[in-house]
Amino acid sequence: MDFLGPTIVTRENRPVDVKVINALPAAGTQIFPFDQPNNDNRLTLHRHGGLQRAESDGAPAPIGVEVPPGGSQTQHYPNNQAAAPLWYHDHIDAQTSYHAYEGLAGFIPNTDRRERQFGLPTGAFAKAYVLQDKSFNADKTLCYSHADPEFFGDLPVVNGIVAPKQTVEPRRYTFTFINGSDSRFYRLSLRQTSGSTASAPKMTVVAGDSGYLLHPAVVTELLVAPGERYKVVIDFTGHRSQNWVLANNAPAPFGALDGVDPTGAGIPQLMRFDVGPSTRWPDRSRVPRTLPETNNQLPPAALLAKARLRTVQAGEVIPGAPQLGDKVQLLNYGPADTATETPQLNSTEAWAMRNHSPDAHPIHLHLVEMRLIGRWPVTKWSDPDPDTGNQIPLEIGQFVPPAPYESGPKETFVSPPDFITVWTSKFTVGGSSVWHCHIMSHEDGASTGGAIEMMRPLVIGNKPQTQLPLVHDQVQLDELIRRP
């Protein structure tokens, strides 16, 4: 069977309509022998990272409309945003993890004129890789279980192929790495497998989730969380007739940012690059010192001048069932727990995520483009409130700035345990959608059969947020972060 959806390339300021027809079997028909909460076989398309109107965002029920088998859904994408490696996936309530695992996902990059002028490798020398981990039964059918409560497969699957190899020329390539896994983080690097011993090909991060970095960042390792995308230029020049593997040393589950597992938690290698002996024609590509775009020239701290601070949290009342919440309590997703995150349209907010859970969570907001301010370590928390699950940071360490490769526009941020992670944004798209952890088992509440989901409503409207303190600058932000 074909795996993953088609790649759809859009252009800035050229609107498109995408019609999705649900041709899945009739409701009640089991597609895969998994422990899915139901077999309704509904779906809704979410363009992850897109600044489309709320009614075309593909939010899960009850906020969004889910399409039954035989029905269709048309999404309107205005594409009035800078070039970015966007992707799409089904976002049905409590079953996103199952459907993405089964293949309902794909690549939908947005392009613009500035991108074409950067001189980066393009055409045949630019490729996108959806990184996933899967398990298979003895009869080679897919196997899937949330018993951990996360899911970690035992085989690397890239663009639907188990442990593939890619033949490349000794020149520069632009690779887009999309983490489409359920729960697995990847810390990527290049390791040599054959040929004369050499230093690893140079890796330069040029773009993240929502667009280009103003200053490209050279890395030897790159952490990519579920839902994150990074565009990387890898230079195989001078490595002719060598073989290199895309290696991984991230533990699973993933906790501390500096956590390392040499075995890659069972997947130390994802794919192989076989470098040929020569190039077909000269490599005239380059990596400029700066990549000026419409959304990356202001430093993140510049957004703080008009920002108000909103405090949110991640934690667990029931072990293995993580939740999100506002400043005072952990909450669920559904009619019982109404929206507490209600930014005013065209306002700027800084969100401070207090993570007192045991896991790192990639937090994703719909309908918005953001910048990472940085993180503050928490060395002591209050005891958890037995009713609300709330924990207050009592001792906070020194500010940790973002890694250089995290400095560009993004909409998914790694929030490690025992840290306060702060990002900021102007909310320019109104309407109702969601924000959630992009560990898909967490957002679905798979360990509880969908009873406790790590997802919350997001309502961007006209309600003034005067109860939130003004930030003004980084100094004032640091003071606010340290208040209970």
# chains A, B, ... in the order shown; residues from 1 in each chain; ligands from 1
>>> residues_around(residues="A:Val219", least_positions_apart="5", cutoff="12 Å", atoms="only C-alpha atoms", output="PyMOL selection string")
chain A and resi 187-190+200-206+230+232-234+403-406
>>> select_by_dssp(residues="stretch 101-304 of chain A", states="strand (DSSP E or B)", output="ChimeraX atom specification")
/A:105-107,110-111,126-136,142-143,155-158,161-162,165-168,172-179,186-194,202-208,211-219,222-224,229-235,243-248,269-275
>>> atom_distance(atom1="atom CA of A:Ile373", atom2="atom CA of A:Ile481")
12.2 Å
>>> residues_around(residues="stretch 105-122 of chain A", least_positions_apart="5", cutoff="9 Å", atoms="only C-alpha atoms", output="ChimeraX atom specification")
/A:3-13,45,47-48,50,79,81-90,99-100,127-128,130,172-174,178,180,212,233,283-288,290-294
>>> write_last_selection(atoms="C-alpha atoms", output="PDB file, in the first residue's frame")
ATOM      1  CA  PHE A   3       2.245   5.082   2.799  1.00  0.00           C
ATOM      2  CA  LEU A   4       1.918   8.742   3.824  1.00  0.00           C
ATOM      3  CA  GLY A   5       0.071  11.358   1.803  1.00  0.00           C
ATOM      4  CA  PRO A   6       1.210  13.323  -1.250  1.00  0.00           C
ATOM      5  CA  THR A   7       3.571  16.263  -0.931  1.00  0.00           C
ATOM      6  CA  ILE A   8       1.724  19.523  -1.643  1.00  0.00           C
ATOM      7  CA  VAL A   9       3.882  22.596  -2.348  1.00  0.00           C
ATOM      8  CA  THR A  10       2.256  25.989  -1.745  1.00  0.00           C
ATOM      9  CA  ARG A  11       3.492  29.535  -2.417  1.00  0.00           C
ATOM     10  CA  GLU A  12       3.294  32.673  -0.310  1.00  0.00           C
ATOM     11  CA  ASN A  13       0.150  34.756  -1.003  1.00  0.00           C
ATOM     12  CA  LEU A  45      -6.991  17.459   8.258  1.00  0.00           C
ATOM     13  CA  ARG A  47      -1.979  21.717   8.413  1.00  0.00           C
ATOM     14  CA  HIS A  48       0.568  21.838  11.212  1.00  0.00           C
ATOM     15  CA  GLY A  50      -0.211  26.909   8.975  1.00  0.00           C
ATOM     16  CA  ASN A  79      -0.545  31.044   2.522  1.00  0.00           C
ATOM     17  CA  GLN A  81       3.175  33.462   5.661  1.00  0.00           C
ATOM     18  CA  ALA A  82       6.876  33.068   5.004  1.00  0.00           C
ATOM     19  CA  ALA A  83       8.476  29.946   3.556  1.00  0.00           C
ATOM     20  CA  ALA A  84       8.358  27.104   6.067  1.00  0.00           C
ATOM     21  CA  PRO A  85       8.582  23.275   6.160  1.00  0.00           C
ATOM     22  CA  LEU A  86       4.954  22.700   7.186  1.00  0.00           C
ATOM     23  CA  TRP A  87       3.397  19.242   7.357  1.00  0.00           C
ATOM     24  CA  TYR A  88      -0.102  17.833   7.745  1.00  0.00           C
ATOM     25  CA  HIS A  89      -1.759  14.976   9.597  1.00  0.00           C
ATOM     26  CA  ASP A  90      -5.125  13.766  10.772  1.00  0.00           C
ATOM     27  CA  HIS A  99      -4.142   7.567  12.303  1.00  0.00           C
ATOM     28  CA  ALA A 100      -0.732   9.236  11.938  1.00  0.00           C
ATOM     29  CA  LYS A 127      14.816  16.065  -0.020  1.00  0.00           C
ATOM     30  CA  ALA A 128      12.360  15.673   2.860  1.00  0.00           C
ATOM     31  CA  VAL A 130       9.543  11.826   7.622  1.00  0.00           C
ATOM     32  CA  ARG A 172      25.790  20.008  -0.565  1.00  0.00           C
ATOM     33  CA  TYR A 173      22.203  18.840   0.010  1.00  0.00           C
ATOM     34  CA  THR A 174      19.226  20.412   1.777  1.00  0.00           C
ATOM     35  CA  ILE A 178      10.182  15.834  10.011  1.00  0.00           C
ATOM     36  CA  GLY A 180       6.390  12.128  12.578  1.00  0.00           C
ATOM     37  CA  TYR A 212      14.295  30.323   8.290  1.00  0.00           C
ATOM     38  CA  VAL A 233      22.238  21.626   4.745  1.00  0.00           C
ATOM     39  CA  ASP A 283      27.927  22.577  -6.991  1.00  0.00           C
ATOM     40  CA  ARG A 284      27.089  26.294  -7.079  1.00  0.00           C
ATOM     41  CA  SER A 285      24.892  26.221  -3.974  1.00  0.00           C
ATOM     42  CA  ARG A 286      25.904  28.050  -0.806  1.00  0.00           C
ATOM     43  CA  VAL A 287      24.872  28.714   2.789  1.00  0.00           C
ATOM     44  CA  PRO A 288      24.744  32.499   3.291  1.00  0.00           C
ATOM     45  CA  THR A 290      22.263  35.438   6.978  1.00  0.00           C
ATOM     46  CA  LEU A 291      18.876  34.337   5.662  1.00  0.00           C
ATOM     47  CA  PRO A 292      16.672  37.437   6.059  1.00  0.00           C
ATOM     48  CA  GLU A 293      12.960  36.647   5.962  1.00  0.00           C
ATOM     49  CA  THR A 294       9.794  38.532   6.808  1.00  0.00           C
TER      50      THR A 294
END
>>> residues_around(residues="A:Ser425", least_positions_apart="6", cutoff="10 Å", atoms="only C-alpha atoms", output="mmCIF file with N, CA and C atoms, in the first residue's frame")
data_model
loop_
_atom_site.group_PDB
_atom_site.id
_atom_site.type_symbol
_atom_site.label_atom_id
_atom_site.label_comp_id
_atom_site.auth_asym_id
_atom_site.auth_seq_id
_atom_site.Cartn_x
_atom_site.Cartn_y
_atom_site.Cartn_z
ATOM 1 N N PRO A 300 13.808 37.621 19.259
ATOM 2 C CA PRO A 300 12.636 37.244 20.062
ATOM 3 C C PRO A 300 12.350 38.203 21.212
ATOM 4 N N LEU A 303 9.858 41.156 21.028
ATOM 5 C CA LEU A 303 8.420 40.976 21.150
ATOM 6 C C LEU A 303 7.923 41.172 22.575
ATOM 7 N N LEU A 304 8.840 41.242 23.525
ATOM 8 C CA LEU A 304 8.436 41.336 24.922
ATOM 9 C C LEU A 304 7.926 42.720 25.302
ATOM 10 N N ALA A 307 4.270 42.539 25.377
ATOM 11 C CA ALA A 307 3.733 41.234 25.767
ATOM 12 C C ALA A 307 3.186 41.228 27.191
ATOM 13 N N ASN A 346 -4.602 39.942 17.950
ATOM 14 C CA ASN A 346 -3.570 40.959 17.667
ATOM 15 C C ASN A 346 -2.809 41.407 18.915
ATOM 16 N N SER A 347 -2.956 40.682 20.005
ATOM 17 C CA SER A 347 -2.145 40.961 21.190
ATOM 18 C C SER A 347 -0.896 40.090 21.169
ATOM 19 N N THR A 348 0.078 40.442 21.994
ATOM 20 C CA THR A 348 1.306 39.667 22.139
ATOM 21 C C THR A 348 1.367 39.091 23.546
ATOM 22 N N GLU A 349 1.669 37.808 23.623
ATOM 23 C CA GLU A 349 1.799 37.163 24.920
ATOM 24 C C GLU A 349 3.105 36.386 24.986
ATOM 25 N N ALA A 350 3.641 36.278 26.196
ATOM 26 C CA ALA A 350 4.733 35.350 26.496
ATOM 27 C C ALA A 350 4.140 34.252 27.365
ATOM 28 N N TRP A 351 4.339 33.006 26.951
ATOM 29 C CA TRP A 351 3.821 31.864 27.711
ATOM 30 C C TRP A 351 4.965 31.227 28.489
ATOM 31 N N VAL A 368 -0.767 30.006 15.258
ATOM 32 C CA VAL A 368 0.165 31.046 15.686
ATOM 33 C C VAL A 368 1.603 30.659 15.347
ATOM 34 N N GLU A 369 2.433 31.666 15.163
ATOM 35 C CA GLU A 369 3.869 31.511 14.904
ATOM 36 C C GLU A 369 4.610 32.149 16.066
ATOM 37 N N MET A 370 5.619 31.472 16.612
ATOM 38 C CA MET A 370 6.202 31.905 17.875
ATOM 39 C C MET A 370 7.736 31.946 17.809
ATOM 40 N N ARG A 371 8.303 32.511 18.864
ATOM 41 C CA ARG A 371 9.762 32.540 19.039
ATOM 42 C C ARG A 371 10.082 32.102 20.462
ATOM 43 N N LEU A 372 11.160 31.352 20.604
ATOM 44 C CA LEU A 372 11.581 30.858 21.914
ATOM 45 C C LEU A 372 12.437 31.909 22.612
ATOM 46 N N PRO A 409 11.687 31.149 13.743
ATOM 47 C CA PRO A 409 10.248 31.040 13.987
ATOM 48 C C PRO A 409 9.834 29.585 14.146
ATOM 49 N N LYS A 410 9.019 29.309 15.170
ATOM 50 C CA LYS A 410 8.607 27.939 15.469
ATOM 51 C C LYS A 410 7.177 27.936 15.992
ATOM 52 N N GLU A 411 6.594 26.736 16.106
ATOM 53 C CA GLU A 411 5.313 26.589 16.788
ATOM 54 C C GLU A 411 5.268 25.326 17.640
#
>>> atom_distance(atom1="atom CA of A:Pro251", atom2="atom CA of A:Ser415")
15.7 Å
>>> residues_around(residues="A:Val162", least_positions_apart="5", cutoff="12 Å", atoms="only C-alpha atoms", output="JSON, numbers by chain")
{"A": [3, 130, 131, 132, 133, 134, 135, 136, 140, 153, 154, 155, 156, 157, 267, 269, 270, 271, 272]}
>>> write_last_selection(atoms="N, CA and C atoms", output="CSV table (one decimal), in the first residue's frame")
chain,number,residue,atom,x,y,z
A,3,PHE,N,2.1,4.6,1.4
A,3,PHE,CA,2.2,5.1,2.8
A,3,PHE,C,2.5,6.6,2.8
A,130,VAL,N,10.4,12.0,6.5
A,130,VAL,CA,9.5,11.8,7.6
A,130,VAL,C,10.1,10.7,8.5
A,131,LEU,N,10.5,11.0,9.7
A,131,LEU,CA,11.2,10.0,10.6
A,131,LEU,C,10.1,9.4,11.5
A,132,GLN,N,10.0,8.1,11.5
A,132,GLN,CA,9.1,7.4,12.4
A,132,GLN,C,9.7,6.2,12.9
A,133,ASP,N,9.2,5.6,14.0
A,133,ASP,CA,9.6,4.3,14.5
A,133,ASP,C,8.4,3.4,14.6
A,134,LYS,N,8.5,2.2,14.1
A,134,LYS,CA,7.4,1.3,14.0
A,134,LYS,C,7.8,-0.1,14.5
A,135,SER,N,6.8,-0.9,14.8
A,135,SER,CA,7.0,-2.3,15.1
A,135,SER,C,6.1,-3.1,14.2
A,136,PHE,N,6.5,-4.4,13.9
A,136,PHE,CA,5.8,-5.2,13.0
A,136,PHE,C,5.6,-6.6,13.7
A,140,LYS,N,4.4,-9.4,9.3
A,140,LYS,CA,4.8,-8.2,8.7
A,140,LYS,C,3.7,-7.1,8.7
A,153,GLY,N,8.6,2.2,18.8
A,153,GLY,CA,8.8,1.1,17.9
A,153,GLY,C,10.3,0.6,17.9
A,154,ASP,N,10.5,-0.5,17.3
A,154,ASP,CA,11.9,-1.1,17.3
A,154,ASP,C,12.6,-1.0,16.0
A,155,LEU,N,11.9,-0.4,15.0
A,155,LEU,CA,12.5,-0.3,13.7
A,155,LEU,C,12.4,1.2,13.2
A,156,PRO,N,13.4,1.7,12.6
A,156,PRO,CA,13.3,3.1,12.0
A,156,PRO,C,12.6,3.0,10.6
A,157,VAL,N,11.6,3.9,10.4
A,157,VAL,CA,10.9,3.9,9.2
A,157,VAL,C,11.0,5.3,8.6
A,267,ILE,N,17.1,2.3,18.6
A,267,ILE,CA,17.2,2.8,17.2
A,267,ILE,C,18.4,3.7,17.1
A,269,GLN,N,20.5,3.9,14.5
A,269,GLN,CA,20.7,4.3,13.1
A,269,GLN,C,19.4,4.4,12.4
A,270,LEU,N,19.1,5.5,11.7
A,270,LEU,CA,17.9,5.6,11.0
A,270,LEU,C,18.0,5.3,9.5
A,271,MET,N,19.0,5.8,8.8
A,271,MET,CA,19.2,5.6,7.4
A,271,MET,C,20.7,5.8,7.0
A,272,ARG,N,21.0,5.4,5.8
A,272,ARG,CA,22.4,5.5,5.4
A,272,ARG,C,22.5,6.4,4.1
>>> atom_distance(atom1="atom CA of A:Asp385", atom2="atom CA of A:Pro226")
29.8 Å
>>> residues_around(residues="A:Thr193", least_positions_apart="2", cutoff="10 Å", atoms="only C-alpha atoms", output="mmCIF file with N, CA, C and O atoms, in the first residue's frame")
data_model
loop_
_atom_site.group_PDB
_atom_site.id
_atom_site.type_symbol
_atom_site.label_atom_id
_atom_site.label_comp_id
_atom_site.auth_asym_id
_atom_site.auth_seq_id
_atom_site.Cartn_x
_atom_site.Cartn_y
_atom_site.Cartn_z
ATOM 1 N N LEU A 190 25.813 12.406 12.228
ATOM 2 C CA LEU A 190 26.318 11.569 11.140
ATOM 3 C C LEU A 190 27.508 10.762 11.635
ATOM 4 O O LEU A 190 28.433 11.317 12.248
ATOM 5 N N ARG A 191 27.475 9.449 11.372
ATOM 6 C CA ARG A 191 28.577 8.574 11.777
ATOM 7 C C ARG A 191 29.026 7.764 10.575
ATOM 8 O O ARG A 191 28.208 7.238 9.814
ATOM 9 N N GLY A 195 34.764 3.584 4.185
ATOM 10 C CA GLY A 195 35.589 4.579 3.506
ATOM 11 C C GLY A 195 36.705 5.043 4.410
ATOM 12 O O GLY A 195 36.772 4.701 5.596
ATOM 13 N N SER A 196 37.618 5.827 3.863
ATOM 14 C CA SER A 196 38.731 6.338 4.659
ATOM 15 C C SER A 196 38.193 7.213 5.778
ATOM 16 O O SER A 196 37.251 7.975 5.602
ATOM 17 N N THR A 197 38.786 7.089 6.967
ATOM 18 C CA THR A 197 38.306 7.810 8.138
ATOM 19 C C THR A 197 38.361 9.305 7.902
ATOM 20 O O THR A 197 39.345 9.847 7.416
ATOM 21 N N GLN A 242 32.409 7.438 0.462
ATOM 22 C CA GLN A 242 32.250 7.098 1.875
ATOM 23 C C GLN A 242 30.775 6.811 2.168
ATOM 24 O O GLN A 242 29.886 7.276 1.453
ATOM 25 N N ASN A 243 30.519 6.052 3.232
ATOM 26 C CA ASN A 243 29.163 5.782 3.692
ATOM 27 C C ASN A 243 28.973 6.365 5.082
ATOM 28 O O ASN A 243 29.834 6.191 5.956
ATOM 29 N N TRP A 244 27.852 7.055 5.272
ATOM 30 C CA TRP A 244 27.535 7.684 6.543
ATOM 31 C C TRP A 244 26.113 7.307 6.948
ATOM 32 O O TRP A 244 25.229 7.211 6.100
ATOM 33 N N VAL A 245 25.903 7.079 8.248
ATOM 34 C CA VAL A 245 24.558 6.799 8.730
ATOM 35 C C VAL A 245 24.037 8.007 9.502
ATOM 36 O O VAL A 245 24.802 8.744 10.149
ATOM 37 N N ARG A 272 21.014 5.422 5.795
ATOM 38 C CA ARG A 272 22.406 5.523 5.369
ATOM 39 C C ARG A 272 22.514 6.407 4.138
ATOM 40 O O ARG A 272 21.653 6.393 3.263
ATOM 41 N N PHE A 273 23.593 7.178 4.093
ATOM 42 C CA PHE A 273 23.925 7.977 2.924
ATOM 43 C C PHE A 273 25.193 7.399 2.283
ATOM 44 O O PHE A 273 26.252 7.336 2.927
ATOM 45 N N ASP A 274 25.073 6.931 1.053
ATOM 46 C CA ASP A 274 26.214 6.414 0.300
ATOM 47 C C ASP A 274 26.685 7.504 -0.653
ATOM 48 O O ASP A 274 25.972 7.879 -1.594
#
>>> residues_around(residues="stretch 315-332 of chain A", least_positions_apart="6", cutoff="8 Å", atoms="only C-alpha atoms", output="tab-separated table (two decimals) with all heavy atoms, in the first residue's frame")
chain	number	residue	atom	x	y	z
A	149	PRO	N	3.17	4.62	29.02
A	149	PRO	CA	2.04	4.79	28.11
A	149	PRO	C	2.40	5.35	26.74
A	149	PRO	O	1.53	5.50	25.89
A	149	PRO	CB	1.17	5.81	28.86
A	149	PRO	CG	2.17	6.67	29.56
A	149	PRO	CD	3.28	5.75	29.96
A	340	THR	N	-9.17	28.20	29.19
A	340	THR	CA	-8.54	29.16	30.09
A	340	THR	C	-7.47	29.97	29.37
A	340	THR	O	-7.02	30.99	29.89
A	340	THR	CB	-7.91	28.45	31.31
A	340	THR	OG1	-7.08	27.36	30.83
A	340	THR	CG2	-8.98	27.87	32.22
A	341	GLU	N	-7.05	29.54	28.19
A	341	GLU	CA	-6.07	30.26	27.37
A	341	GLU	C	-6.85	30.99	26.28
A	341	GLU	O	-7.25	30.40	25.28
A	341	GLU	CB	-5.03	29.31	26.78
A	341	GLU	CG	-4.03	28.81	27.79
A	341	GLU	CD	-4.65	27.93	28.88
A	341	GLU	OE1	-5.25	26.91	28.55
A	341	GLU	OE2	-4.55	28.29	30.07
A	355	ASN	N	6.97	22.86	33.76
A	355	ASN	CA	6.86	21.41	33.57
A	355	ASN	C	7.35	20.69	34.82
A	355	ASN	O	8.55	20.57	35.04
A	355	ASN	CB	7.65	20.97	32.34
A	355	ASN	CG	7.47	19.48	32.06
A	355	ASN	OD1	6.73	18.78	32.74
A	355	ASN	ND2	8.17	18.99	31.05
A	356	HIS	N	6.40	20.20	35.61
A	356	HIS	CA	6.76	19.41	36.79
A	356	HIS	C	6.39	17.95	36.59
A	356	HIS	O	6.21	17.19	37.56
A	356	HIS	CB	6.12	19.98	38.06
A	356	HIS	CG	4.65	20.28	37.95
A	356	HIS	ND1	3.68	19.34	38.17
A	356	HIS	CD2	3.99	21.43	37.66
A	356	HIS	CE1	2.48	19.90	38.04
A	356	HIS	NE2	2.65	21.17	37.71
A	357	SER	N	6.26	17.53	35.33
A	357	SER	CA	6.05	16.11	35.00
A	357	SER	C	7.41	15.44	34.80
A	357	SER	O	8.43	16.13	34.70
A	357	SER	CB	5.21	15.98	33.73
A	357	SER	OG	6.01	16.20	32.59
A	358	PRO	N	7.45	14.11	34.70
A	358	PRO	CA	8.75	13.44	34.52
A	358	PRO	C	9.28	13.45	33.10
A	358	PRO	O	10.42	13.05	32.88
A	358	PRO	CB	8.45	12.01	34.98
A	358	PRO	CG	7.00	11.82	34.75
A	358	PRO	CD	6.36	13.15	34.99
A	386	PRO	N	-3.33	18.12	46.16
A	386	PRO	CA	-4.02	16.85	45.89
A	386	PRO	C	-5.27	17.02	45.03
A	386	PRO	O	-5.71	16.06	44.40
A	386	PRO	CB	-4.37	16.34	47.28
A	386	PRO	CG	-4.37	17.55	48.16
A	386	PRO	CD	-3.33	18.46	47.59
A	388	THR	N	-5.86	19.84	42.69
A	388	THR	CA	-5.63	20.49	41.40
A	388	THR	C	-4.40	19.99	40.67
A	388	THR	O	-4.25	20.22	39.48
A	388	THR	CB	-5.48	22.01	41.58
A	388	THR	OG1	-4.27	22.28	42.33
A	388	THR	CG2	-6.68	22.60	42.31
A	389	GLY	N	-3.48	19.30	41.38
A	389	GLY	CA	-2.22	18.87	40.77
A	389	GLY	C	-1.22	19.98	40.62
A	389	GLY	O	-0.12	19.76	40.10
A	390	ASN	N	-1.55	21.18	41.06
A	390	ASN	CA	-0.67	22.34	40.88
A	390	ASN	C	0.59	22.20	41.73
A	390	ASN	O	0.54	21.73	42.86
A	390	ASN	CB	-1.42	23.61	41.28
A	390	ASN	CG	-0.64	24.86	40.95
A	390	ASN	OD1	0.04	24.93	39.94
A	390	ASN	ND2	-0.74	25.86	41.81
A	436	HIS	N	-1.47	21.71	22.62
A	436	HIS	CA	-1.33	20.37	23.18
A	436	HIS	C	0.13	19.92	23.14
A	436	HIS	O	0.98	20.54	22.50
A	436	HIS	CB	-2.19	19.38	22.42
A	436	HIS	CG	-1.92	19.33	20.93
A	436	HIS	ND1	-0.94	18.53	20.38
A	436	HIS	CD2	-2.49	19.99	19.89
A	436	HIS	CE1	-0.93	18.69	19.06
A	436	HIS	NE2	-1.85	19.57	18.73
A	442	HIS	N	0.20	11.24	24.25
A	442	HIS	CA	-0.18	12.14	25.34
A	442	HIS	C	-1.39	12.98	24.96
A	442	HIS	O	-2.32	13.14	25.75
A	442	HIS	CB	0.99	13.04	25.71
A	442	HIS	CG	2.10	12.33	26.41
A	442	HIS	ND1	3.25	12.97	26.86
A	442	HIS	CD2	2.27	11.03	26.75
A	442	HIS	CE1	4.05	12.09	27.45
A	442	HIS	NE2	3.48	10.91	27.39
A	445	GLY	N	-4.44	10.96	25.10
A	445	GLY	CA	-4.77	10.30	26.35
A	445	GLY	C	-4.86	8.80	26.18
A	445	GLY	O	-5.75	8.14	26.72
A	447	SER	N	-3.20	6.31	27.28
A	447	SER	CA	-3.08	5.43	28.45
A	447	SER	C	-4.38	5.36	29.26
A	447	SER	O	-4.54	4.46	30.09
A	447	SER	CB	-1.95	5.92	29.36
A	447	SER	OG	-2.22	7.23	29.85
A	448	THR	N	-5.31	6.28	29.00
A	448	THR	CA	-6.59	6.29	29.72
A	448	THR	C	-7.77	6.09	28.77
A	448	THR	O	-8.91	6.38	29.14
A	448	THR	CB	-6.77	7.62	30.48
A	448	THR	OG1	-6.81	8.71	29.54
A	448	THR	CG2	-5.65	7.84	31.47
A	452	ILE	N	-8.27	11.14	29.77
A	452	ILE	CA	-7.44	12.28	30.20
A	452	ILE	C	-6.49	12.61	29.06
A	452	ILE	O	-5.56	11.85	28.78
A	452	ILE	CB	-6.66	11.95	31.49
A	452	ILE	CG1	-7.61	11.63	32.64
A	452	ILE	CG2	-5.76	13.11	31.87
A	452	ILE	CD1	-6.92	11.19	33.91
A	453	GLU	N	-6.71	13.73	28.39
A	453	GLU	CA	-5.92	14.11	27.23
A	453	GLU	C	-5.02	15.29	27.56
A	453	GLU	O	-5.43	16.21	28.26
A	453	GLU	CB	-6.84	14.48	26.06
A	453	GLU	CG	-7.75	13.35	25.61
A	453	GLU	CD	-8.74	13.80	24.57
A	453	GLU	OE1	-8.30	14.29	23.51
A	453	GLU	OE2	-9.96	13.68	24.80
A	454	MET	N	-3.81	15.27	27.03
A	454	MET	CA	-2.87	16.37	27.24
A	454	MET	C	-3.08	17.41	26.14
A	454	MET	O	-2.21	17.65	25.31
A	454	MET	CB	-1.43	15.85	27.27
A	454	MET	CG	-0.47	16.83	27.90
A	454	MET	SD	1.19	16.15	28.05
A	454	MET	CE	1.98	17.47	28.99
A	455	MET	N	-4.27	18.02	26.19
A	455	MET	CA	-4.66	19.00	25.18
A	455	MET	C	-5.65	19.97	25.82
A	455	MET	O	-6.42	19.59	26.70
A	455	MET	CB	-5.29	18.29	23.98
A	455	MET	CG	-5.69	19.19	22.83
A	455	MET	SD	-5.82	18.29	21.27
A	455	MET	CE	-7.06	17.06	21.67
A	456	ARG	N	-5.62	21.22	25.33
A	456	ARG	CA	-6.48	22.25	25.89
A	456	ARG	C	-7.04	23.12	24.77
A	456	ARG	O	-6.41	23.30	23.72
A	456	ARG	CB	-5.70	23.14	26.86
A	456	ARG	CG	-5.25	22.44	28.12
A	456	ARG	CD	-6.41	22.16	29.07
A	456	ARG	NE	-7.03	23.40	29.50
A	456	ARG	CZ	-8.35	23.59	29.61
A	456	ARG	NH1	-9.20	22.63	29.31
A	456	ARG	NH2	-8.81	24.75	30.03
>>> closest_residue(among="A:Asn179, A:Thr44, A:Gln36, A:Ser210", to="A:Leu367", atoms="only C-alpha atoms")
A:Ser210
